[in-house]
file target-v8.pdb (PDB, C-alpha atoms)
ATOM      1  CA  MET A   1      19.095   9.925-145.366
ATOM      2  CA  THR A   2      18.049  12.249-142.549
ATOM      3  CA  ILE A   3      18.898  10.876-139.130
ATOM      4  CA  GLN A   4      16.541  11.998-136.380
ATOM      5  CA  LYS A   5      16.305   8.941-134.128
ATOM      6  CA  VAL A   6      19.183   6.631-133.202
ATOM      7  CA  GLY A   7      18.566   3.247-131.604
ATOM      8  CA  ILE A   8      21.223   2.089-129.147
ATOM      9  CA  LEU A   9      22.055  -1.597-128.654
ATOM     10  CA  SER A  10      22.748  -1.365-125.758
ATOM     11  CA  PRO A  11      23.039   1.519-123.288
ATOM     12  CA  GLY A  12      25.887   0.114-121.231
ATOM     13  CA  ASP A  13      28.905   2.248-120.345
ATOM     14  CA  MET A  14      29.929   3.044-123.944
ATOM     15  CA  GLY A  15      26.427   3.037-125.432
ATOM     16  CA  GLN A  16      25.133   5.319-122.708
ATOM     17  CA  ALA A  17      27.973   7.800-123.198
ATOM     18  CA  ILE A  18      27.373   7.914-126.956
ATOM     19  CA  ALA A  19      23.646   8.430-126.410
ATOM     20  CA  THR A  20      24.369  11.227-123.941
ATOM     21  CA  VAL A  21      26.480  13.081-126.497
ATOM     22  CA  LEU A  22      23.800  12.668-129.187
ATOM     23  CA  SER A  23      21.054  13.807-126.825
ATOM     24  CA  GLN A  24      23.052  16.843-125.708
ATOM     25  CA  HIS A  25      23.340  17.858-129.360
ATOM     26  CA  GLY A  26      19.631  17.494-130.023
ATOM     27  CA  LEU A  27      19.294  13.995-131.436
ATOM     28  CA  HIS A  28      16.596  11.626-130.170
ATOM     29  CA  THR A  29      17.943   8.304-128.857
ATOM     30  CA  LEU A  30      16.000   5.089-128.307
ATOM     31  CA  ALA A  31      16.534   1.685-126.715
ATOM     32  CA  ALA A  32      14.569  -1.542-126.330
ATOM     33  CA  LEU A  33      14.741  -2.180-122.600
ATOM     34  CA  ASP A  34      12.318  -5.079-122.217
ATOM     35  CA  SER A  35      14.013  -7.657-119.953
ATOM     36  CA  ARG A  36      17.088  -5.478-119.430
ATOM     37  CA  SER A  37      18.805  -5.079-116.055
ATOM     38  CA  ASP A  38      18.102  -2.334-113.542
ATOM     39  CA  ARG A  39      21.595  -0.937-114.175
ATOM     40  CA  THR A  40      20.955  -0.690-117.919
ATOM     41  CA  ARG A  41      17.621   1.014-117.309
ATOM     42  CA  GLN A  42      19.258   3.486-114.938
ATOM     43  CA  LEU A  43      22.009   4.272-117.442
ATOM     44  CA  ALA A  44      19.388   4.813-120.138
ATOM     45  CA  THR A  45      17.426   7.178-117.913
ATOM     46  CA  GLU A  46      20.548   9.196-117.117
ATOM     47  CA  ALA A  47      21.279   9.546-120.842
ATOM     48  CA  LYS A  48      17.679  10.570-121.645
ATOM     49  CA  ILE A  49      17.210   7.516-123.860
ATOM     50  CA  GLU A  50      13.582   6.737-124.635
ATOM     51  CA  ASP A  51      12.542   3.180-123.846
ATOM     52  CA  VAL A  52      10.483   1.839-126.757
ATOM     53  CA  GLY A  53      10.150  -1.590-125.154
ATOM     54  CA  SER A  54      10.673  -4.165-127.888
ATOM     55  CA  LEU A  55      13.206  -4.642-130.665
ATOM     56  CA  LYS A  56      10.352  -4.454-133.170
ATOM     57  CA  ASN A  57       9.454  -0.979-131.956
ATOM     58  CA  LEU A  58      13.121  -0.013-132.114
ATOM     59  CA  VAL A  59      13.356  -1.054-135.772
ATOM     60  CA  ILE A  60      10.137   0.749-136.627
ATOM     61  CA  GLU A  61      11.066   4.023-134.933
ATOM     62  CA  ALA A  62      14.835   4.347-135.434
ATOM     63  CA  ASP A  63      16.562   5.764-138.502
ATOM     64  CA  LEU A  64      19.680   3.805-137.624
ATOM     65  CA  ILE A  65      20.647   1.277-135.000
ATOM     66  CA  LEU A  66      24.050   1.444-133.378
ATOM     67  CA  SER A  67      25.166  -1.910-131.950
ATOM     68  CA  VAL A  68      27.583  -1.447-129.025
ATOM     69  CA  LEU A  69      27.747  -4.735-127.133
ATOM     70  CA  VAL A  70      30.173  -7.228-125.687
ATOM     71  CA  PRO A  71      31.746  -9.125-128.610
ATOM     72  CA  ALA A  72      29.963 -12.379-127.796
ATOM     73  CA  ALA A  73      26.560 -10.725-128.249
ATOM     74  CA  ALA A  74      27.213  -9.061-131.614
ATOM     75  CA  THR A  75      26.037 -11.855-133.914
ATOM     76  CA  GLU A  76      22.992 -12.738-131.840
ATOM     77  CA  ALA A  77      21.875  -9.097-131.831
ATOM     78  CA  ALA A  78      22.021  -8.948-135.625
ATOM     79  CA  GLU A  79      20.166 -12.247-135.879
ATOM     80  CA  GLN A  80      17.390 -10.802-133.722
ATOM     81  CA  ILE A  81      17.142  -7.570-135.693
ATOM     82  CA  ALA A  82      17.340  -9.062-139.210
ATOM     83  CA  PRO A  83      13.937 -10.854-139.288
ATOM     84  CA  ILE A  84      12.297  -7.702-137.918
ATOM     85  CA  ILE A  85      13.841  -5.646-140.711
ATOM     86  CA  ARG A  86      12.521  -8.210-143.190
ATOM     87  CA  ALA A  87       9.031  -8.269-141.656
ATOM     88  CA  VAL A  88       8.746  -4.492-141.407
ATOM     89  CA  GLY A  89      10.178  -3.992-144.893
ATOM     90  CA  LYS A  90      12.413  -1.125-143.822
ATOM     91  CA  PRO A  91      15.949  -0.602-145.224
ATOM     92  CA  LEU A  92      17.234   0.290-141.770
ATOM     93  CA  LEU A  93      20.856   1.393-141.398
ATOM     94  CA  TYR A  94      22.543  -0.998-138.959
ATOM     95  CA  VAL A  95      25.934   0.067-137.606
ATOM     96  CA  ASP A  96      27.997  -2.626-135.917
ATOM     97  CA  ALA A  97      30.441  -0.822-133.612
ATOM     98  CA  ASN A  98      31.522  -3.889-131.654
ATOM     99  CA  ALA A  99      35.110  -4.971-131.048
ATOM    100  CA  ILE A 100      35.015  -8.019-133.320
ATOM    101  CA  ALA A 101      37.172  -9.659-135.964
ATOM    102  CA  PRO A 102      36.796  -8.562-139.608
ATOM    103  CA  ASP A 103      35.569 -11.997-140.691
ATOM    104  CA  ARG A 104      32.805 -11.896-138.107
ATOM    105  CA  VAL A 105      31.673  -8.404-138.984
ATOM    106  CA  LYS A 106      31.445  -9.484-142.619
ATOM    107  CA  ARG A 107      29.131 -12.334-141.625
ATOM    108  CA  ILE A 108      27.016  -9.948-139.573
ATOM    109  CA  GLY A 109      26.829  -7.592-142.529
ATOM    110  CA  GLN A 110      25.530 -10.415-144.680
ATOM    111  CA  ILE A 111      22.833 -11.205-142.101
ATOM    112  CA  ILE A 112      21.579  -7.614-142.133
ATOM    113  CA  THR A 113      21.763  -6.979-145.876
ATOM    114  CA  ALA A 114      20.117 -10.312-146.718
ATOM    115  CA  ALA A 115      17.135  -9.096-144.675
ATOM    116  CA  GLY A 116      16.953  -5.846-146.644
ATOM    117  CA  GLY A 117      18.870  -3.600-144.285
ATOM    118  CA  GLN A 118      21.881  -1.405-144.900
ATOM    119  CA  PHE A 119      25.120  -2.068-143.042
ATOM    120  CA  VAL A 120      28.136  -0.127-141.802
ATOM    121  CA  ASP A 121      31.206  -1.572-140.101
ATOM    122  CA  ALA A 122      32.365   0.738-137.308
ATOM    123  CA  SER A 123      34.882   0.716-134.486
ATOM    124  CA  ILE A 124      35.263   2.905-131.434
ATOM    125  CA  ILE A 125      38.760   3.932-130.390
ATOM    126  CA  GLY A 126      39.139   5.790-127.133
ATOM    127  CA  PRO A 127      37.130   5.985-123.913
ATOM    128  CA  PRO A 128      33.382   6.548-123.663
ATOM    129  CA  PRO A 129      32.996  10.029-125.246
ATOM    130  CA  ARG A 130      32.356  12.054-122.111
ATOM    131  CA  VAL A 131      35.244  14.417-122.915
ATOM    132  CA  PRO A 132      35.455  16.050-126.383
ATOM    133  CA  ASP A 133      38.191  15.038-128.827
ATOM    134  CA  GLN A 134      39.205  11.805-127.078
ATOM    135  CA  THR A 135      37.035   9.265-128.906
ATOM    136  CA  ARG A 136      36.958   8.414-132.592
ATOM    137  CA  ILE A 137      34.430   6.272-134.420
ATOM    138  CA  TYR A 138      35.887   4.800-137.596
ATOM    139  CA  ALA A 139      33.540   3.516-140.292
ATOM    140  CA  SER A 140      33.830   1.501-143.487
ATOM    141  CA  GLY A 141      31.535   0.062-146.130
ATOM    142  CA  THR A 142      29.625   1.465-149.083
ATOM    143  CA  GLN A 143      27.031   3.020-146.752
ATOM    144  CA  ALA A 144      29.597   4.456-144.320
ATOM    145  CA  ASN A 145      29.230   8.047-145.512
ATOM    146  CA  GLN A 146      25.698   8.097-144.107
ATOM    147  CA  LEU A 147      27.220   7.922-140.642
ATOM    148  CA  LEU A 148      28.989  11.241-141.213
ATOM    149  CA  ALA A 149      25.708  12.982-140.374
ATOM    150  CA  LEU A 150      26.441  12.209-136.709
ATOM    151  CA  ARG A 151      29.335  14.670-136.828
ATOM    152  CA  ASP A 152      26.680  17.369-136.472
ATOM    153  CA  TYR A 153      25.649  15.778-133.168
ATOM    154  CA  GLY A 154      28.959  15.657-131.343
ATOM    155  CA  LEU A 155      30.599  12.437-132.564
ATOM    156  CA  ASP A 156      33.970  12.236-134.315
ATOM    157  CA  ILE A 157      33.154  10.005-137.297
ATOM    158  CA  ARG A 158      35.949   9.020-139.695
ATOM    159  CA  VAL A 159      35.278   7.006-142.858
ATOM    160  CA  ILE A 160      38.337   4.960-143.843
ATOM    161  CA  GLY A 161      37.175   2.830-146.768
ATOM    162  CA  ASP A 162      34.436   1.095-148.725
ATOM    163  CA  GLU A 163      35.095  -2.431-147.445
ATOM    164  CA  ILE A 164      33.310  -4.098-144.562
ATOM    165  CA  GLY A 165      36.013  -5.274-142.155
ATOM    166  CA  GLN A 166      38.354  -2.306-142.469
ATOM    167  CA  ALA A 167      37.010  -0.428-139.444
ATOM    168  CA  SER A 168      36.926  -3.582-137.330
ATOM    169  CA  GLY A 169      40.423  -4.515-138.461
ATOM    170  CA  LEU A 170      41.717  -1.141-137.326
ATOM    171  CA  LYS A 171      40.145  -1.681-133.902
ATOM    172  CA  MET A 172      41.704  -5.135-133.610
ATOM    173  CA  CYS A 173      45.194  -3.807-134.354
ATOM    174  CA  TYR A 174      44.822  -0.821-132.022
ATOM    175  CA  ALA A 175      43.378  -2.822-129.124
ATOM    176  CA  ALA A 176      46.054  -5.486-129.594
ATOM    177  CA  LEU A 177      48.529  -2.790-128.579
ATOM    178  CA  THR A 178      46.616  -0.919-125.881
ATOM    179  CA  LYS A 179      44.689  -3.696-124.129
ATOM    180  CA  GLY A 180      47.351  -6.272-124.918
ATOM    181  CA  LEU A 181      49.904  -4.046-123.207
ATOM    182  CA  THR A 182      47.599  -3.605-120.213
ATOM    183  CA  ALA A 183      47.311  -7.394-119.885
ATOM    184  CA  ILE A 184      51.090  -7.860-120.059
ATOM    185  CA  GLY A 185      51.616  -5.066-117.536
ATOM    186  CA  THR A 186      49.059  -6.550-115.164
ATOM    187  CA  GLU A 187      50.688  -9.969-115.235
ATOM    188  CA  LEU A 188      54.264  -8.787-114.808
ATOM    189  CA  LEU A 189      53.373  -6.425-111.950
ATOM    190  CA  ILE A 190      51.529  -9.210-110.135
ATOM    191  CA  ALA A 191      54.588 -11.428-110.641
ATOM    192  CA  ALA A 192      56.871  -8.709-109.252
ATOM    193  CA  HIS A 193      54.615  -8.356-106.195
ATOM    194  CA  GLN A 194      54.659 -12.089-105.551
ATOM    195  CA  LEU A 195      58.454 -12.094-105.869
ATOM    196  CA  GLY A 196      58.755  -9.212-103.411
ATOM    197  CA  LEU A 197      60.203  -6.940-106.090
ATOM    198  CA  ASP A 198      57.549  -4.206-106.232
ATOM    199  CA  ALA A 199      59.788  -1.382-105.048
ATOM    200  CA  SER A 200      62.801  -2.436-107.107
ATOM    201  CA  LEU A 201      60.791  -2.772-110.302
ATOM    202  CA  GLU A 202      58.996   0.527-109.732
ATOM    203  CA  ALA A 203      62.332   2.291-109.220
ATOM    204  CA  GLU A 204      63.745   0.847-112.431
ATOM    205  CA  LEU A 205      60.608   1.664-114.442
ATOM    206  CA  THR A 206      60.619   5.199-113.052
ATOM    207  CA  ASN A 207      64.225   5.570-114.167
ATOM    208  CA  SER A 208      64.110   3.928-117.589
ATOM    209  CA  GLN A 209      60.444   3.546-118.600
ATOM    210  CA  SER A 210      58.613   6.439-116.946
ATOM    211  CA  GLY A 211      56.213   6.917-119.852
ATOM    212  CA  LEU A 212      55.227   3.253-119.804
ATOM    213  CA  LEU A 213      54.823   3.291-116.011
ATOM    214  CA  ASN A 214      52.558   6.333-116.242
ATOM    215  CA  HIS A 215      50.490   4.570-118.878
ATOM    216  CA  LEU A 216      50.076   1.446-116.746
ATOM    217  CA  SER A 217      49.239   3.586-113.718
ATOM    218  CA  ARG A 218      46.220   4.857-115.644
ATOM    219  CA  SER A 219      45.214   1.840-117.684
ATOM    220  CA  ILE A 220      45.342  -0.975-115.111
ATOM    221  CA  PRO A 221      43.159   0.612-112.374
ATOM    222  CA  SER A 222      40.517   1.592-114.956
ATOM    223  CA  MET A 223      40.618  -1.856-116.568
ATOM    224  CA  THR A 224      39.408  -3.986-113.672
ATOM    225  CA  PRO A 225      35.609  -3.434-113.938
ATOM    226  CA  LYS A 226      35.843  -3.903-117.707
ATOM    227  CA  ALA A 227      37.936  -7.080-117.669
ATOM    228  CA  HIS A 228      34.904  -9.293-118.336
ATOM    229  CA  ARG A 229      34.296  -7.432-121.603
ATOM    230  CA  TRP A 230      37.922  -7.479-122.646
ATOM    231  CA  ILE A 231      38.108 -11.279-122.573
ATOM    232  CA  GLY A 232      36.004 -11.506-125.716
ATOM    233  CA  GLU A 233      37.884  -8.655-127.344
ATOM    234  CA  MET A 234      41.217 -10.443-126.897
ATOM    235  CA  GLU A 235      39.675 -13.593-128.357
ATOM    236  CA  GLU A 236      38.475 -11.622-131.378
ATOM    237  CA  ILE A 237      41.979 -10.213-131.842
ATOM    238  CA  ALA A 238      43.369 -13.753-131.620
ATOM    239  CA  ASP A 239      40.948 -14.858-134.355
ATOM    240  CA  THR A 240      41.920 -11.861-136.495
ATOM    241  CA  PHE A 241      45.633 -12.574-136.322
ATOM    242  CA  LYS A 242      45.181 -16.319-136.772
ATOM    243  CA  ALA A 243      43.234 -15.700-139.995
ATOM    244  CA  LEU A 244      46.229 -13.692-141.241
ATOM    245  CA  GLY A 245      48.640 -16.556-140.547
ATOM    246  CA  LEU A 246      50.031 -14.906-137.401
ATOM    247  CA  THR A 247      50.166 -16.323-133.902
ATOM    248  CA  GLU A 248      46.995 -16.029-131.858
ATOM    249  CA  GLN A 249      48.584 -17.304-128.642
ATOM    250  CA  ILE A 250      49.681 -13.888-127.364
ATOM    251  CA  PHE A 251      46.097 -12.697-127.224
ATOM    252  CA  GLN A 252      44.677 -15.926-125.906
ATOM    253  CA  GLY A 253      47.083 -15.357-123.014
ATOM    254  CA  ALA A 254      45.829 -11.779-122.634
ATOM    255  CA  ALA A 255      42.278 -13.135-122.500
ATOM    256  CA  ASP A 256      43.387 -15.479-119.723
ATOM    257  CA  ILE A 257      44.680 -12.529-117.676
ATOM    258  CA  TYR A 258      41.377 -10.691-118.019
ATOM    259  CA  ARG A 259      39.545 -13.892-117.122
ATOM    260  CA  LEU A 260      41.509 -14.011-113.857
ATOM    261  CA  VAL A 261      40.811 -10.346-113.106
ATOM    262  CA  LYS A 262      37.096 -10.788-113.833
ATOM    263  CA  ASP A 263      36.696 -13.143-110.880
ATOM    264  CA  THR A 264      38.315 -10.838-108.305
ATOM    265  CA  SER A 265      36.503  -8.305-106.130
ATOM    266  CA  LEU A 266      37.785  -5.514-108.385
ATOM    267  CA  GLY A 267      36.579  -7.324-111.485
ATOM    268  CA  LYS A 268      33.094  -7.635-110.017
ATOM    269  CA  GLU A 269      32.695  -3.883-109.582
ATOM    270  CA  THR A 270      30.811  -1.821-112.152
ATOM    271  CA  PRO A 271      32.565   1.193-113.721
ATOM    272  CA  GLU A 272      30.363   3.424-111.538
ATOM    273  CA  GLU A 273      31.506   1.618-108.369
ATOM    274  CA  ARG A 274      35.243   1.768-109.074
ATOM    275  CA  ASP A 275      37.267   3.863-106.630
ATOM    276  CA  ARG A 276      38.951   6.371-108.953
ATOM    277  CA  ASP A 277      41.523   7.226-106.286
ATOM    278  CA  ARG A 278      42.723   3.606-106.038
ATOM    279  CA  SER A 279      46.400   3.502-106.976
ATOM    280  CA  LEU A 280      48.179   1.077-109.268
ATOM    281  CA  SER A 281      49.972  -0.406-106.256
ATOM    282  CA  GLN A 282      46.689  -0.986-104.433
ATOM    283  CA  VAL A 283      45.153  -2.637-107.505
ATOM    284  CA  ILE A 284      48.112  -4.957-108.012
ATOM    285  CA  THR A 285      48.200  -5.919-104.325
ATOM    286  CA  THR A 286      44.506  -6.768-104.360
ATOM    287  CA  LEU A 287      44.786  -8.785-107.574
ATOM    288  CA  ALA A 288      47.875 -10.629-106.329
ATOM    289  CA  ASN A 289      46.095 -11.583-103.117
ATOM    290  CA  GLU A 290      42.953 -12.806-104.889
ATOM    291  CA  ILE A 291      44.261 -14.528-108.012
TER     292      ILE A 291
END
call {"tool": "encode", "arguments": {"input": "target-v8.pdb", "output": "structure tokens"}}
result
Amino acid sequence: MTIQKVGILSPGDMGQAIATVLSQHGLHTLAALDSRSDRTRQLATEAKIEDVGSLKNLVIEADLILSVLVPAAATEAAEQIAPIIRAVGKPLLYVDANAIAPDRVKRIGQIITAAGGQFVDASIIGPPPRVPDQTRIYASGTQANQLLALRDYGLDIRVIGDEIGQASGLKMCYAALTKGLTAIGTELLIAAHQLGLDASLEAELTNSQSGLLNHLSRSIPSMTPKAHRWIGEMEEIADTFKALGLTEQIFQGAADIYRLVKDTSLGKETPEERDRDRSLSQVITTLANEI
């Protein structure tokens, strides 16, 4: 299959960055922006994404659709696209790149293929791909090799297997470490602040855990405007581990931390509004005062 037009669901922070990379490498990107927010429209404009209006037009015009949404919206998006695929009679390639549990991505795959579409399970590891060689997109499923064509347009695509659920499972395990660690770090640093132990803990971490402290100094300040999205991701990880007979409680707790952050002034900022010079200490002080 020749890929000339890629539909993006939806051009938020990650979707917009992916579309920008594709556009910069000569690929045409599309989005259905009817009823979307002003911020989403602005992000689409900045990425040179063409607004085709409706989801029906998106299905008709795109060669593949890349779904990059908050986890809670993943199933609904597929349920909206599937009847259009059926009505149009087009074996559209639908790529679910959401941070969701393997069992859920399998159900979404069934929704799309039952309508006559083709389906790829994908997961994005790394930040929005604004800097080369920092973001990987893993893919699995019998149609996954079709996604390799996007390597020619600036994306690092890696096929890891023929089974739907493998790519999503990899994301769940990776994010359990990275975003789970950020949640734990956020909670313990807030606790240290409330106990009046900020300086003592920082001194000890600098002495014995400097690598971890450096990681938290980067990850926590950048997390706050994304906390609302990470709630659902932690819940998907909890579902993944529970299905494997492991405890889900660790990640339900992580979701609770992100739920608290979401309702603070820092959590209500957009990624564009975040002060990139705000230090870890400033973030923790603000969160401690508002939670």
call {"tool": "resolve_selection", "arguments": {"input": "target-v8.pdb", "expression": "the PyMOL selection byres ((chain A and resi 136) around 7)", "output": "PDB file with C-alpha atoms, in the frame of the given file"}}
result
ATOM      1  CA  ILE A 124      35.263   2.905-131.434  1.00  0.00           C
ATOM      2  CA  ILE A 125      38.760   3.932-130.390  1.00  0.00           C
ATOM      3  CA  GLY A 126      39.139   5.790-127.133  1.00  0.00           C
ATOM      4  CA  GLN A 134      39.205  11.805-127.078  1.00  0.00           C
ATOM      5  CA  THR A 135      37.035   9.265-128.906  1.00  0.00           C
ATOM      6  CA  ILE A 137      34.430   6.272-134.420  1.00  0.00           C
ATOM      7  CA  TYR A 138      35.887   4.800-137.596  1.00  0.00           C
ATOM      8  CA  ASP A 156      33.970  12.236-134.315  1.00  0.00           C
ATOM      9  CA  ILE A 157      33.154  10.005-137.297  1.00  0.00           C
TER      10      ILE A 157
END
call {"tool": "resolve_selection", "arguments": {"input": "target-v8.pdb", "expression": "the PyMOL selection byres ((chain A and resi 170) around 10)", "output": "ChimeraX atom specification"}}
result
/A:99,101-102,122-125,138-139,160,165-169,171-176
call {"tool": "atom_distance", "arguments": {"input": "target-v8.pdb", "atom1": "CA of Val131 (chain A)", "atom2": "CA of Arg259 (chain A)"}}
result
29.2 Å
call {"tool": "closest_residue", "arguments": {"input": "target-v8.pdb", "among": "A:Gln80, A:Ser54, A:Thr206, A:Ser67", "to": "Gly12 (chain A)", "atoms": "all atoms listed in the file"}}
result
A:Ser67
call {"tool": "resolve_selection", "arguments": {"input": "target-v8.pdb", "expression": "the PyMOL selection byres ((chain A and resi 36) around 12)", "output": "tab-separated table (two decimals) with C-alpha atoms, keeping the file's coordinate frame"}}
result
chain	number	residue	atom	x	y	z
A	9	LEU	CA	22.06	-1.60	-128.65
A	10	SER	CA	22.75	-1.36	-125.76
A	11	PRO	CA	23.04	1.52	-123.29
A	12	GLY	CA	25.89	0.11	-121.23
A	31	ALA	CA	16.53	1.68	-126.72
A	32	ALA	CA	14.57	-1.54	-126.33
A	33	LEU	CA	14.74	-2.18	-122.60
A	34	ASP	CA	12.32	-5.08	-122.22
A	35	SER	CA	14.01	-7.66	-119.95
A	37	SER	CA	18.80	-5.08	-116.06
A	38	ASP	CA	18.10	-2.33	-113.54
A	39	ARG	CA	21.60	-0.94	-114.18
A	40	THR	CA	20.96	-0.69	-117.92
A	41	ARG	CA	17.62	1.01	-117.31
A	42	GLN	CA	19.26	3.49	-114.94
A	43	LEU	CA	22.01	4.27	-117.44
A	44	ALA	CA	19.39	4.81	-120.14
A	51	ASP	CA	12.54	3.18	-123.85
A	53	GLY	CA	10.15	-1.59	-125.15
A	54	SER	CA	10.67	-4.16	-127.89
A	55	LEU	CA	13.21	-4.64	-130.66
call {"tool": "residues_around", "arguments": {"input": "target-v8.pdb", "residues": "Ile184 (chain A)", "least_positions_apart": "3", "cutoff": "12 Å", "atoms": "only C-alpha atoms", "output": "number ranges by chain"}}
result
A: 176-181, 187-191, 212, 216, 219-220, 250-258
call {"tool": "atom_distance", "arguments": {"input": "target-v8.pdb", "atom1": "CA of Met1 (chain A)", "atom2": "CA of Lys106 (chain A)"}}
result
23.2 Å
call {"tool": "closest_residue", "arguments": {"input": "target-v8.pdb", "among": "A:Val95, A:Leu280, A:Ala19, A:Ala199", "to": "Leu213 (chain A)", "atoms": "only C-alpha atoms"}}
result
A:Leu280
call {"tool": "atom_distance", "arguments": {"input": "target-v8.pdb", "atom1": "CA of Ala227 (chain A)", "atom2": "CA of Leu260 (chain A)"}}
result
8.7 Å
call {"tool": "residues_near_point", "arguments": {"input": "target-v8.pdb", "point": "(24.2, 15.0, -129.1)", "cutoff": "10 Å", "atoms": "all atoms listed in the file", "output": "ChimeraX atom specification"}}
result
/A:18-29,150-155
call {"tool": "closest_residue", "arguments": {"input": "target-v8.pdb", "among": "A:Ala17, A:Leu197, A:Ile3, A:Val261", "to": "Pro132 (chain A)", "atoms": "all atoms listed in the file"}}
result
A:Ala17
call {"tool": "closest_residue", "arguments": {"input": "target-v8.pdb", "among": "A:Leu205, A:Leu287, A:Leu266, A:Ile111", "to": "Ser222 (chain A)", "atoms": "all atoms listed in the file"}}
result
A:Leu266
call {"tool": "closest_residue", "arguments": {"input": "target-v8.pdb", "among": "A:Glu204, A:Asp263, A:Glu163, A:Glu273", "to": "Ile231 (chain A)", "atoms": "only C-alpha atoms"}}
result
A:Asp263
call {"tool": "residues_near_point", "arguments": {"input": "target-v8.pdb", "point": "(21.7, 13.8, -148.5)", "cutoff": "12 Å", "atoms": "only C-alpha atoms", "output": "PyMOL selection string"}}
result
chain A and resi 1-3+145-149
call {"tool": "write_last_selection", "arguments": {"input": "target-v8.pdb", "atoms": "C-alpha atoms", "output": "PDB file, keeping the file's coordinate frame"}}
result
ATOM      1  CA  MET A   1      19.095   9.925-145.366  1.00  0.00           C
ATOM      2  CA  THR A   2      18.049  12.249-142.549  1.00  0.00           C
ATOM      3  CA  ILE A   3      18.898  10.876-139.130  1.00  0.00           C
ATOM      4  CA  ASN A 145      29.230   8.047-145.512  1.00  0.00           C
ATOM      5  CA  GLN A 146      25.698   8.097-144.107  1.00  0.00           C
ATOM      6  CA  LEU A 147      27.220   7.922-140.642  1.00  0.00           C
ATOM      7  CA  LEU A 148      28.989  11.241-141.213  1.00  0.00           C
ATOM      8  CA  ALA A 149      25.708  12.982-140.374  1.00  0.00           C
TER       9      ALA A 149
END
call {"tool": "residues_around", "arguments": {"input": "target-v8.pdb", "residues": "Asp103 (chain A)", "least_positions_apart": "5", "cutoff": "10 Å", "atoms": "all atoms listed in the file", "output": "VMD selection string"}}
result
chain A and resid 108 to 109 164 to 165 168 to 169 236 239 to 240 243
call {"tool": "closest_residue", "arguments": {"input": "target-v8.pdb", "among": "A:Pro271, A:Gly15, A:Gly117, A:Pro225", "to": "Ala97 (chain A)", "atoms": "only C-alpha atoms"}}
result
A:Gly15
call {"tool": "residues_around", "arguments": {"input": "target-v8.pdb", "residues": "region 112-114 of chain A", "least_positions_apart": "2", "cutoff": "10 Å", "atoms": "all atoms listed in the file", "output": "VMD selection string"}}
result
chain A and resid 78 to 83 85 to 86 91 to 95 107 to 110 116 to 120
call {"tool": "decode", "arguments": {"input": "target-v8.pdb", "residues": "region 173-182 of chain A", "atoms": "N, CA, C and O atoms", "output": "mmCIF file, in the first residue's frame"}}
result
data_model
loop_
_atom_site.group_PDB
_atom_site.id
_atom_site.type_symbol
_atom_site.label_atom_id
_atom_site.label_comp_id
_atom_site.auth_asym_id
_atom_site.auth_seq_id
_atom_site.Cartn_x
_atom_site.Cartn_y
_atom_site.Cartn_z
ATOM 1 N N CYS A 173 4.259 -1.727 30.082
ATOM 2 C CA CYS A 173 5.384 -2.063 30.947
ATOM 3 C C CYS A 173 6.362 -0.895 31.062
ATOM 4 O O CYS A 173 6.862 -0.594 32.149
ATOM 5 N N TYR A 174 6.625 -0.226 29.950
ATOM 6 C CA TYR A 174 7.558 0.902 29.958
ATOM 7 C C TYR A 174 7.005 2.067 30.783
ATOM 8 O O TYR A 174 7.700 2.636 31.628
ATOM 9 N N ALA A 175 5.745 2.418 30.539
ATOM 10 C CA ALA A 175 5.148 3.546 31.255
ATOM 11 C C ALA A 175 4.943 3.233 32.726
ATOM 12 O O ALA A 175 4.933 4.147 33.566
ATOM 13 N N ALA A 176 4.772 1.952 33.062
ATOM 14 C CA ALA A 176 4.678 1.577 34.477
ATOM 15 C C ALA A 176 5.937 2.005 35.214
ATOM 16 O O ALA A 176 5.879 2.458 36.368
ATOM 17 N N LEU A 177 7.085 1.891 34.528
ATOM 18 C CA LEU A 177 8.344 2.314 35.141
ATOM 19 C C LEU A 177 8.487 3.833 35.133
ATOM 20 O O LEU A 177 8.670 4.457 36.184
ATOM 21 N N THR A 178 8.385 4.443 33.949
ATOM 22 C CA THR A 178 8.699 5.865 33.832
ATOM 23 C C THR A 178 7.661 6.752 34.520
ATOM 24 O O THR A 178 8.002 7.576 35.376
ATOM 25 N N LYS A 179 6.393 6.586 34.168
ATOM 26 C CA LYS A 179 5.358 7.443 34.749
ATOM 27 C C LYS A 179 4.978 6.985 36.147
ATOM 28 O O LYS A 179 4.556 7.794 36.976
ATOM 29 N N GLY A 180 5.143 5.690 36.418
ATOM 30 C CA GLY A 180 4.943 5.209 37.780
ATOM 31 C C GLY A 180 5.982 5.806 38.716
ATOM 32 O O GLY A 180 5.670 6.239 39.832
ATOM 33 N N LEU A 181 7.231 5.856 38.243
ATOM 34 C CA LEU A 181 8.299 6.441 39.052
ATOM 35 C C LEU A 181 8.070 7.931 39.276
ATOM 36 O O LEU A 181 8.307 8.457 40.372
ATOM 37 N N THR A 182 7.582 8.615 38.244
ATOM 38 C CA THR A 182 7.290 10.049 38.394
ATOM 39 C C THR A 182 6.208 10.276 39.452
ATOM 40 O O THR A 182 6.294 11.214 40.255
#
